[in-house]
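Chemist: So here's target_21.tsv (TSV, C-alpha atoms and all ligand atoms).
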```tsv
chain	number	residue	atom	x	y	z
A	1	MET	CA	200.60	68.18	161.96
A	2	ALA	CA	197.20	67.94	163.61
A	3	SER	CA	194.30	70.06	162.40
A	4	PRO	CA	193.24	72.87	164.77
A	5	LEU	CA	190.10	70.91	165.80
A	6	VAL	CA	192.02	67.75	166.71
A	7	ASP	CA	194.70	69.79	168.42
A	8	ARG	CA	192.02	71.48	170.53
A	9	LEU	CA	190.27	68.20	171.40
A	10	ILE	CA	193.23	65.85	171.88
A	11	GLY	CA	196.34	68.03	171.93
A	12	ARG	CA	196.48	68.24	175.72
A	13	ALA	CA	195.00	64.82	176.55
A	14	THR	CA	198.37	63.40	177.57
A	15	GLY	CA	196.72	60.83	179.85
A	16	TRP	CA	196.26	58.62	176.78
A	17	ASP	CA	199.99	58.42	176.11
A	18	ARG	CA	200.92	55.80	178.67
A	19	PRO	CA	198.35	53.16	177.56
A	20	ALA	CA	199.07	54.04	173.92
A	21	ARG	CA	202.81	53.46	174.36
A	22	ALA	CA	202.25	50.21	176.28
A	23	THR	CA	199.95	48.96	173.51
A	24	ALA	CA	202.43	49.92	170.78
A	25	ASP	CA	205.25	48.18	172.69
A	26	ALA	CA	203.16	45.01	173.03
A	27	ILE	CA	202.34	45.00	169.30
A	28	ASN	CA	206.01	45.58	168.44
A	29	ALA	CA	207.02	42.67	170.69
A	30	PHE	CA	204.46	40.46	168.95
A	31	TYR	CA	205.81	41.34	165.51
A	32	ARG	CA	209.42	40.78	166.52
A	33	ALA	CA	208.39	37.14	166.81
A	34	LEU	CA	206.09	37.08	163.76
A	35	ARG	CA	207.56	39.38	161.07
A	36	PRO	CA	205.75	37.80	158.05
A	37	VAL	CA	202.36	38.63	159.59
A	38	GLN	CA	203.42	42.26	159.80
A	39	GLY	CA	204.18	42.39	156.05
A	40	LEU	CA	200.82	40.84	155.29
A	41	LEU	CA	198.89	43.38	157.37
A	42	ASN	CA	200.97	46.42	156.41
A	43	GLY	CA	200.24	45.60	152.76
A	44	ARG	CA	203.80	45.11	151.49
A	45	TRP	CA	202.46	42.49	149.04
A	46	LEU	CA	199.95	45.06	147.74
A	47	GLY	CA	202.48	47.83	147.13
A	48	HIS	CA	200.59	50.25	149.38
A	49	PRO	CA	198.93	50.09	152.81
A	50	LEU	CA	196.18	47.50	153.23
A	51	HIS	CA	194.32	49.45	155.94
A	52	PRO	CA	192.43	51.98	153.76
A	53	LEU	CA	191.24	49.20	151.47
A	54	VAL	CA	189.57	47.09	154.17
A	55	THR	CA	188.34	50.20	155.97
A	56	ASP	CA	186.47	51.28	152.85
A	57	VAL	CA	184.66	47.92	152.77
A	58	ALA	CA	183.55	48.29	156.40
A	59	VAL	CA	182.41	51.89	155.98
A	60	GLY	CA	180.56	51.05	152.75
A	61	ALA	CA	178.83	48.00	154.24
A	62	TRP	CA	177.72	49.88	157.35
A	63	THR	CA	176.49	52.80	155.27
A	64	VAL	CA	174.23	50.33	153.43
A	65	VAL	CA	172.98	49.13	156.85
A	66	LEU	CA	172.16	52.72	157.85
A	67	VAL	CA	170.23	53.42	154.65
A	68	PHE	CA	168.27	50.16	154.79
A	69	ASP	CA	167.50	50.57	158.50
A	70	LEU	CA	166.28	54.15	158.03
A	71	ILE	CA	164.04	53.00	155.20
A	72	GLY	CA	162.85	50.13	157.40
A	73	LEU	CA	162.05	52.47	160.28
A	74	ALA	CA	160.17	54.87	157.99
A	75	GLN	CA	158.39	52.13	156.07
A	76	PRO	CA	157.94	48.99	158.18
A	77	GLY	CA	157.77	45.91	155.99
A	78	ALA	CA	159.91	47.37	153.23
A	79	GLY	CA	161.71	44.01	153.06
A	80	LEU	CA	165.30	45.25	153.41
A	81	ALA	CA	165.99	43.88	156.91
A	82	THR	CA	167.74	40.69	155.75
A	83	ALA	CA	169.92	42.63	153.30
A	84	ALA	CA	170.83	45.04	156.13
A	85	ALA	CA	171.81	42.13	158.39
A	86	VAL	CA	174.02	40.56	155.70
A	87	SER	CA	175.70	43.88	155.01
A	88	LEU	CA	176.21	44.41	158.74
A	89	TRP	CA	178.16	41.15	159.13
A	90	LEU	CA	180.19	41.88	156.00
A	91	GLY	CA	181.13	45.16	157.67
A	92	VAL	CA	182.12	43.34	160.87
A	93	LEU	CA	184.39	40.99	158.91
A	94	ALA	CA	186.06	43.93	157.15
A	95	ALA	CA	186.35	45.78	160.48
A	96	ILE	CA	188.39	42.90	161.93
A	97	GLY	CA	190.84	43.27	159.04
A	98	SER	CA	190.74	47.02	159.46
A	99	LEU	CA	191.53	46.90	163.19
A	100	LEU	CA	194.40	44.45	162.69
A	101	SER	CA	195.95	46.30	159.75
A	102	GLY	CA	195.44	49.68	161.43
A	103	ALA	CA	197.14	48.55	164.64
A	104	THR	CA	200.04	47.19	162.56
A	105	ASP	CA	200.52	50.54	160.83
A	106	TRP	CA	200.00	52.53	164.02
A	107	LYS	CA	202.57	50.76	166.23
A	108	ASP	CA	205.44	52.78	164.66
A	109	THR	CA	204.01	56.20	165.49
A	110	TYR	CA	205.00	58.61	168.27
A	111	GLY	CA	203.75	61.60	170.24
A	112	LEU	CA	200.48	63.24	169.24
A	113	GLU	CA	200.19	61.05	166.14
A	114	GLN	CA	200.33	57.97	168.36
A	115	ARG	CA	197.74	59.44	170.74
A	116	VAL	CA	195.29	60.35	167.97
A	117	GLY	CA	195.77	56.93	166.35
A	118	PHE	CA	195.14	55.20	169.69
A	119	ILE	CA	191.87	57.06	170.26
A	120	HIS	CA	190.89	56.39	166.62
A	121	GLY	CA	191.52	52.66	167.11
A	122	LEU	CA	189.61	52.53	170.41
A	123	LEU	CA	186.67	54.37	168.87
A	124	MET	CA	186.60	51.97	165.93
A	125	ALA	CA	186.75	48.99	168.29
A	126	VAL	CA	183.71	50.33	170.19
A	127	VAL	CA	181.91	50.96	166.88
A	128	SER	CA	182.64	47.37	165.80
A	129	LEU	CA	181.27	46.03	169.09
A	130	LEU	CA	178.10	48.07	168.67
A	131	TYR	CA	177.61	46.52	165.22
A	132	VAL	CA	178.28	43.04	166.60
A	133	LEU	CA	175.64	43.67	169.29
A	134	SER	CA	173.21	44.96	166.66
A	135	GLY	CA	173.93	41.91	164.48
A	136	VAL	CA	173.40	39.46	167.35
A	137	LEU	CA	170.05	41.10	168.20
A	138	ARG	CA	169.01	40.64	164.55
A	139	LEU	CA	169.99	36.96	164.79
A	140	VAL	CA	168.28	36.09	168.07
A	141	GLY	CA	165.30	38.44	167.72
A	142	PRO	CA	163.33	39.87	164.82
A	143	VAL	CA	165.67	40.78	161.97
A	144	ASP	CA	163.90	44.14	161.71
A	145	GLY	CA	163.83	44.89	165.47
A	146	THR	CA	163.95	48.56	166.42
A	147	PRO	CA	166.60	48.21	169.22
A	148	ALA	CA	169.01	46.50	166.78
A	149	ARG	CA	168.47	49.27	164.25
A	150	LEU	CA	168.97	52.04	166.82
A	151	ILE	CA	172.23	50.46	168.02
A	152	GLY	CA	173.35	50.30	164.38
A	153	ILE	CA	172.58	54.01	163.95
A	154	LEU	CA	174.54	54.76	167.12
A	155	GLY	CA	177.42	52.76	165.66
A	156	PHE	CA	177.31	54.86	162.51
A	157	VAL	CA	177.59	58.07	164.53
A	158	GLY	CA	180.73	56.65	166.18
A	159	LEU	CA	181.97	55.59	162.73
A	160	ILE	CA	181.86	59.20	161.54
A	161	GLY	CA	183.92	60.38	164.52
A	162	GLY	CA	186.40	57.50	164.22
A	163	GLY	CA	186.67	58.02	160.46
A	164	PHE	CA	187.45	61.69	161.01
A	165	LEU	CA	190.38	60.77	163.25
A	166	GLY	CA	191.50	58.13	160.74
A	167	GLY	CA	191.57	60.83	158.05
A	168	GLU	CA	193.63	62.96	160.41
A	169	MET	CA	196.21	60.17	160.65
A	170	ALA	CA	196.64	60.07	156.87
A	171	PHE	CA	196.17	63.71	155.89
A	172	GLY	CA	197.30	65.50	159.06
A	173	PHE	CA	200.23	63.31	160.13
A	174	GLY	CA	201.05	61.54	156.85
A	175	SER	CA	200.97	58.16	158.58
A	176	MET	CA	201.94	55.41	156.07
A	177	VAL	CA	202.03	58.00	153.27
A	178	ASP	CA	204.98	57.59	150.86
A	179	HIS	CA	207.56	60.05	152.21
A	180	ASN	CA	209.01	60.41	148.71
A	181	ALA	CA	205.65	61.27	147.13
A	182	PHE	CA	206.60	64.86	146.34
A	183	ARG	CA	210.23	64.27	145.40
A	184	ASP	CA	211.46	65.45	141.98
A	185	ALA	CA	213.22	63.11	139.59
A	186	VAL	CA	216.90	63.62	138.72
A	187	SER	CA	216.21	63.70	135.01
A	188	GLU	CA	219.79	63.99	133.64
A	189	PHE	CA	222.98	62.24	134.74
A	190	THR	CA	224.28	64.44	137.57
A	191	PRO	CA	227.74	64.21	139.21
A	192	VAL	CA	227.66	63.41	142.95
A	193	GLY	CA	231.39	62.98	143.70
A	194	ARG	CA	234.52	61.08	142.75
A	195	ILE	CA	234.44	57.35	143.30
A	196	ALA	CA	237.80	57.56	145.07
A	197	ASP	CA	236.28	59.92	147.64
A	198	LEU	CA	233.28	57.68	148.41
A	199	GLY	CA	233.67	55.49	151.46
A	200	VAL	CA	232.99	51.78	151.09
A	201	GLY	CA	229.41	51.15	152.19
A	202	LEU	CA	226.70	53.77	152.82
A	203	ASN	CA	227.22	57.39	151.71
A	204	TYR	CA	224.87	60.36	151.74
A	205	VAL	CA	224.96	62.66	148.70
A	206	GLU	CA	222.61	65.11	147.02
A	207	ALA	CA	221.83	65.44	143.33
A	208	ALA	CA	219.56	68.18	141.97
A	209	GLY	CA	218.53	68.84	145.58
A	210	GLN	CA	217.44	65.24	146.19
A	211	PRO	CA	218.79	63.25	149.17
A	212	ILE	CA	220.39	60.06	147.87
A	213	LEU	CA	222.00	57.00	149.39
A	214	VAL	CA	225.04	55.93	147.37
A	215	VAL	CA	226.54	52.57	148.18
A	216	ARG	CA	230.05	51.68	147.07
A	217	ASP	CA	231.16	48.09	147.03
A	218	GLY	CA	234.64	48.02	145.47
A	219	GLU	CA	234.22	49.54	142.02
A	220	THR	CA	230.47	48.90	141.99
A	221	VAL	CA	228.20	51.81	142.94
A	222	SER	CA	224.41	51.71	143.53
A	223	ALA	CA	221.98	54.46	144.50
A	224	ILE	CA	218.45	54.74	145.92
A	225	GLY	CA	216.59	57.55	147.70
A	226	ASP	CA	217.99	58.23	151.18
A	227	VAL	CA	214.68	59.17	152.82
A	228	CYS	CA	212.81	56.03	153.90
A	229	SER	CA	209.41	55.86	152.21
A	230	HIS	CA	207.81	54.66	155.46
A	231	ALA	CA	208.33	57.61	157.79
A	232	GLY	CA	211.37	59.48	156.53
A	233	GLY	CA	214.23	57.63	158.27
A	234	PRO	CA	217.81	58.35	157.03
A	235	LEU	CA	218.89	55.20	155.21
A	236	HIS	CA	222.57	56.21	155.19
A	237	GLU	CA	222.49	55.66	158.98
A	238	GLY	CA	221.14	52.14	158.52
A	239	THR	CA	222.92	48.88	157.81
A	240	LEU	CA	223.85	47.01	154.64
A	241	ASP	CA	223.66	43.29	154.09
A	242	HIS	CA	223.99	41.52	150.73
A	243	GLY	CA	222.63	44.37	148.64
A	244	VAL	CA	219.79	45.16	151.06
A	245	VAL	CA	219.64	48.31	153.22
A	246	THR	CA	217.84	48.30	156.58
A	247	CYS	CA	216.30	51.55	157.84
A	248	PRO	CA	217.54	52.53	161.32
A	249	TRP	CA	214.11	53.69	162.51
A	250	HIS	CA	211.66	50.78	162.13
A	251	GLY	CA	213.63	48.16	160.25
A	252	SER	CA	212.15	48.41	156.74
A	253	ARG	CA	214.45	46.82	154.17
A	254	PHE	CA	215.03	47.90	150.57
A	255	ARG	CA	216.88	46.24	147.71
A	256	LEU	CA	219.69	48.44	146.40
A	257	GLY	CA	219.27	47.24	142.82
A	258	ASP	CA	215.78	48.66	142.31
A	259	GLY	CA	214.61	50.20	145.61
A	260	SER	CA	211.95	47.52	146.10
A	261	VAL	CA	210.65	46.75	149.60
A	262	VAL	CA	212.02	43.55	151.09
A	263	ARG	CA	210.49	44.03	154.55
A	264	SER	CA	207.73	46.29	155.90
A	265	PRO	CA	206.53	48.51	157.61
A	266	ALA	CA	207.38	50.38	154.39
A	267	THR	CA	205.02	49.49	151.56
A	268	PHE	CA	206.27	51.95	148.92
A	269	PRO	CA	209.62	51.39	147.17
A	270	GLN	CA	212.52	53.83	147.32
A	271	PRO	CA	213.32	56.04	144.31
A	272	SER	CA	215.89	54.12	142.31
A	273	TYR	CA	218.79	55.62	140.33
A	274	GLU	CA	220.95	54.59	137.42
A	275	VAL	CA	224.65	55.05	138.14
A	276	ARG	CA	227.59	55.52	135.79
A	277	VAL	CA	231.20	56.37	136.44
A	278	THR	CA	232.85	58.72	133.93
A	279	ASP	CA	236.56	59.48	134.38
A	280	GLY	CA	236.29	58.57	138.05
A	281	MET	CA	233.23	60.79	138.58
A	282	VAL	CA	230.05	59.09	139.83
A	283	GLU	CA	226.92	60.32	138.02
A	284	ILE	CA	223.33	59.35	138.71
A	285	ARG	CA	219.87	59.90	137.32
A	286	THR	CA	216.43	58.56	138.17
A	287	ARG	CA	215.95	55.05	136.80
A	288	ARG	CA	213.60	55.01	133.84
A	289	LEU	CA	210.94	52.31	133.83
A	301	LIG	S1	211.22	55.31	158.76
A	301	LIG	FE1	210.15	53.57	159.42
A	301	LIG	S2	211.23	51.93	158.58
A	301	LIG	FE2	212.22	53.66	157.82
```
Now that the file is in, can you turn its structure into structure tokens?
Ligand code: FES

Modeler:
Amino acid sequence: MASPLVDRLIGRATGWDRPARATADAINAFYRALRPVQGLLNGRWLGHPLHPLVTDVAVGAWTVVLVFDLIGLAQPGAGLATAAAVSLWLGVLAAIGSLLSGATDWKDTYGLEQRVGFIHGLLMAVVSLLYVLSGVLRLVGPVDGTPARLIGILGFVGLIGGGFLGGEMAFGFGSMVDHNAFRDAVSEFTPVGRIADLGVGLNYVEAAGQPILVVRDGETVSAIGDVCSHAGGPLHEGTLDHGVVTCPWHGSRFRLGDGSVVRSPATFPQPSYEVRVTDGMVEIRTRRL
């Protein structure tokens, strides 16, 4: 849910929705052809989203630029101009990774979340261009030129606004947050139904109040969390193929054996459960590491 400030500023700005949807559709079409790139930029290999990591590098590098430039403006000849320029380009490099990874995470959003993310991305793109302009002026002119420094300071002001909206995406909308983060463990073996009553394939059950996907294949039964870690999709409505479940919402894939992510956009694994069958009754508990 959006914070009251964002709701007031962007809540009614529906004019952004059409370009946002068209952009998300174009990114989705791109990734249908190039799935491995999506996993790389979502951060599946990292075990959590890549975007905050590269964003931190850009924000840190540009904060250094701001501090050095302010010192340079207050004390001409302080000798920090070259260090500021190097930090600026490091920030630009990180910003490229940040824009690409952010767009990859954002493409699977909807409604107000999509609109806020679109404006956040546009703002960050403008900020990046301002820093590129500032960096080029430092290359072709004096490295401690006042116009380059002022453009950098302007970029930092935009960075604060864009960063605020980025925080809203994570903390207001829970974008790319593990949707099982607050789920309790099933600490003891808990009965979920008789094996004879389970259909072959995907079944939804609950144990100790937790939503669980139970998969029966003959006499073999496996179980993982039913709520997709990416954005909360119902896995029991997905599809099953060779021990891998595909989420019906955005196509994340999870291995039944241990809940691990086989394909993004999910980056966090599913809760995984041990299963035993006692006198025909299926019992599960959270898998112990
Ligand atoms: S909710 Fe997005 S892939 Fe499952």

Chemist: Using 5 Å of padding on each side, determine the axis-aligned box around all atoms of ligand LIG 301 (chain A) present in the file and give its centre and edge lengths in Å to one decimal, as AutoDock Vina command-line options.

Modeler:
```
--center_x 211.2 --center_y 53.6 --center_z 158.6 --size_x 12.1 --size_y 13.4 --size_z 11.6
```

Chemist: Smallest atom-to-atom distance to A:Arg21: which of A:Leu93, A:Leu50, A:Leu112, A:Ala33, using all atoms listed in the file?

Modeler: A:Leu112

Chemist: My list of candidates is A:Arg138, A:Lys107, A:Arg285, A:His242. Which is closest to ligand LIG 301 (chain A) when distances are computed with only C-alpha atoms and all ligand atoms?

Modeler: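 Once distances to ligand LIG 301 (chain A) are computed over only C-alpha atoms and all ligand atoms, the minimum belongs to A:Lys107.
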
Chemist: May I have the residues within 9 Å of ligand LIG 301 (chain A), computed using all atoms listed in the file, as a list in words?

Modeler: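 Based on all atoms listed in the file, ligand LIG 301 (chain A) is surrounded within 9 Å by Asp108, His179, Val227, Cys228, Ser229, His230, Ala231, Gly232, Gly233, Pro234, Leu235, Thr246, Cys247, Pro248, Trp249, His250, Gly251, Ser252, Arg253, Arg263, Ser264, Pro265 and Ala266 of chain A.
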
Chemist: Take the residues just selected and output them with C-alpha atoms as a compact mmCIF listing (two decimals), keeping the file's coordinate frame.

Modeler:
```txt
# COMPACT_ATOMS: atom_id res chain seq x y z
CA ASP A 108 205.44 52.78 164.66
CA HIS A 179 207.56 60.05 152.21
CA VAL A 227 214.68 59.17 152.82
CA CYS A 228 212.81 56.03 153.90
CA SER A 229 209.41 55.86 152.21
CA HIS A 230 207.81 54.66 155.46
CA ALA A 231 208.33 57.61 157.79
CA GLY A 232 211.37 59.48 156.53
CA GLY A 233 214.23 57.63 158.27
CA PRO A 234 217.81 58.35 157.03
CA LEU A 235 218.89 55.20 155.21
CA THR A 246 217.84 48.30 156.58
CA CYS A 247 216.30 51.55 157.84
CA PRO A 248 217.54 52.53 161.32
CA TRP A 249 214.11 53.69 162.51
CA HIS A 250 211.66 50.78 162.13
CA GLY A 251 213.63 48.16 160.25
CA SER A 252 212.15 48.41 156.74
CA ARG A 253 214.45 46.82 154.17
CA ARG A 263 210.49 44.03 154.55
CA SER A 264 207.73 46.29 155.90
CA PRO A 265 206.53 48.51 157.61
CA ALA A 266 207.38 50.38 154.39
```

Chemist: Measuring atom to atom with only C-alpha atoms, identify which of A:Val132, A:Val92, A:Val116, A:Val143 is nearest to A:Ala61.

Modeler: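 Going through A:Val132, A:Val92, A:Val116, A:Val143 one by one, the smallest distance to A:Ala61 is for A:Val92.
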
Chemist: Give me, please, the distance in Å between atom CA of A:Ser222 and atom CA of A:Ala181, quoted to one decimal.

Modeler: 21.4 Å

Chemist: What does the distance from atom CA of A:Asp7 to atom CA of A:Met176 come to in Å, to one decimal?

Modeler: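 According to the coordinates, atom CA of A:Asp7 and atom CA of A:Met176 are separated by 20.3 Å.
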
Chemist: Identify which of the residues A:Leu139, A:Leu289, A:Leu88, A:Ala207 lies closest to A:Val57, counting all atoms listed in the file when measuring atom-to-atom distances.

Modeler: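 Residue with the minimum atom-to-atom distance to A:Val57: A:Leu88.
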
Chemist: Give me, as a PyMOL selection string, all polymer residues having an atom no more than 9 Å from A:Ser187, counting only C-alpha atoms and skipping those fewer than 6 positions away in the same chain.

Modeler: chain A and resi 208+285-287

Chemist: Which distance in Å separates atom CA of A:Met124 and atom CA of A:Pro4, to one decimal?

Modeler: 22.0 Å

Chemist: Here is a test: counting all atoms listed in the file, which residue of A:Asp258, A:Glu274, A:Glu219, A:Asp56 is nearest to A:Val200?

Modeler: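 Once distances to A:Val200 are computed over all atoms listed in the file, the minimum belongs to A:Glu219.
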
Chemist: Select, from A:Gln38, A:Asn180, A:Pro49, A:Ala196, the residue with the minimum atom-to-atom distance to A:Ser272, counting all atoms listed in the file.

Modeler: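 Answer, going by the shortest atom-to-atom distance: A:Asn180.
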
Chemist: Which polymer residues, whether protein, DNA or RNA, lie within 9 Å of the coordinate (196.5, 58.1, 166.5) when you count all atoms listed in the file? List them as a list in words, using the chain letters and numbers from the file.

Modeler: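 With a cut-off of 9 Å, the residues come to Ala20, Trp106, Thr109, Tyr110, Gly111, Leu112, Glu113, Gln114, Arg115, Val116, Gly117, Phe118, Ile119, His120, Gly121, Leu165, Gly166, Glu168 and Met169 of chain A.
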
Chemist: Just C-alpha atoms for this one: save the residues we selected as an mmCIF file, in the frame of the given file.

Modeler:
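What ended up in selection_24.cif:
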```cif
data_model
loop_
_atom_site.group_PDB
_atom_site.id
_atom_site.type_symbol
_atom_site.label_atom_id
_atom_site.label_comp_id
_atom_site.auth_asym_id
_atom_site.auth_seq_id
_atom_site.Cartn_x
_atom_site.Cartn_y
_atom_site.Cartn_z
ATOM 1 C CA ALA A 20 199.070 54.040 173.920
ATOM 2 C CA TRP A 106 200.000 52.530 164.020
ATOM 3 C CA THR A 109 204.010 56.200 165.490
ATOM 4 C CA TYR A 110 205.000 58.610 168.270
ATOM 5 C CA GLY A 111 203.750 61.600 170.240
ATOM 6 C CA LEU A 112 200.480 63.240 169.240
ATOM 7 C CA GLU A 113 200.190 61.050 166.140
ATOM 8 C CA GLN A 114 200.330 57.970 168.360
ATOM 9 C CA ARG A 115 197.740 59.440 170.740
ATOM 10 C CA VAL A 116 195.290 60.350 167.970
ATOM 11 C CA GLY A 117 195.770 56.930 166.350
ATOM 12 C CA PHE A 118 195.140 55.200 169.690
ATOM 13 C CA ILE A 119 191.870 57.060 170.260
ATOM 14 C CA HIS A 120 190.890 56.390 166.620
ATOM 15 C CA GLY A 121 191.520 52.660 167.110
ATOM 16 C CA LEU A 165 190.380 60.770 163.250
ATOM 17 C CA GLY A 166 191.500 58.130 160.740
ATOM 18 C CA GLU A 168 193.630 62.960 160.410
ATOM 19 C CA MET A 169 196.210 60.170 160.650
#
```

Chemist: Could you give me, as a PyMOL selection string, the residues within 12 Å of A:Val37, counting all atoms listed in the file and dropping anything in the same chain fewer than 2 positions from it?

Modeler: chain A and resi 27-28+30-35+39-45+100-101+104+263-265

Chemist: Give as an MDAnalysis selection string each residue that has an atom at most 12 Å from (178.3, 44.1, 164.9) in the file, counting all atoms listed in the file.

Modeler: chainID A and resid 58 61:62 65 84:96 124:139 148:149 151:156

Chemist: Which residues are near A:Ile195? Cut-off 7 Å, all atoms listed in the file, ignore same chain within fewer than 3 positions. Put them as a list in words.

Modeler: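 So the residues in contact are Leu198, Gly280, Met281 and Val282 of chain A.
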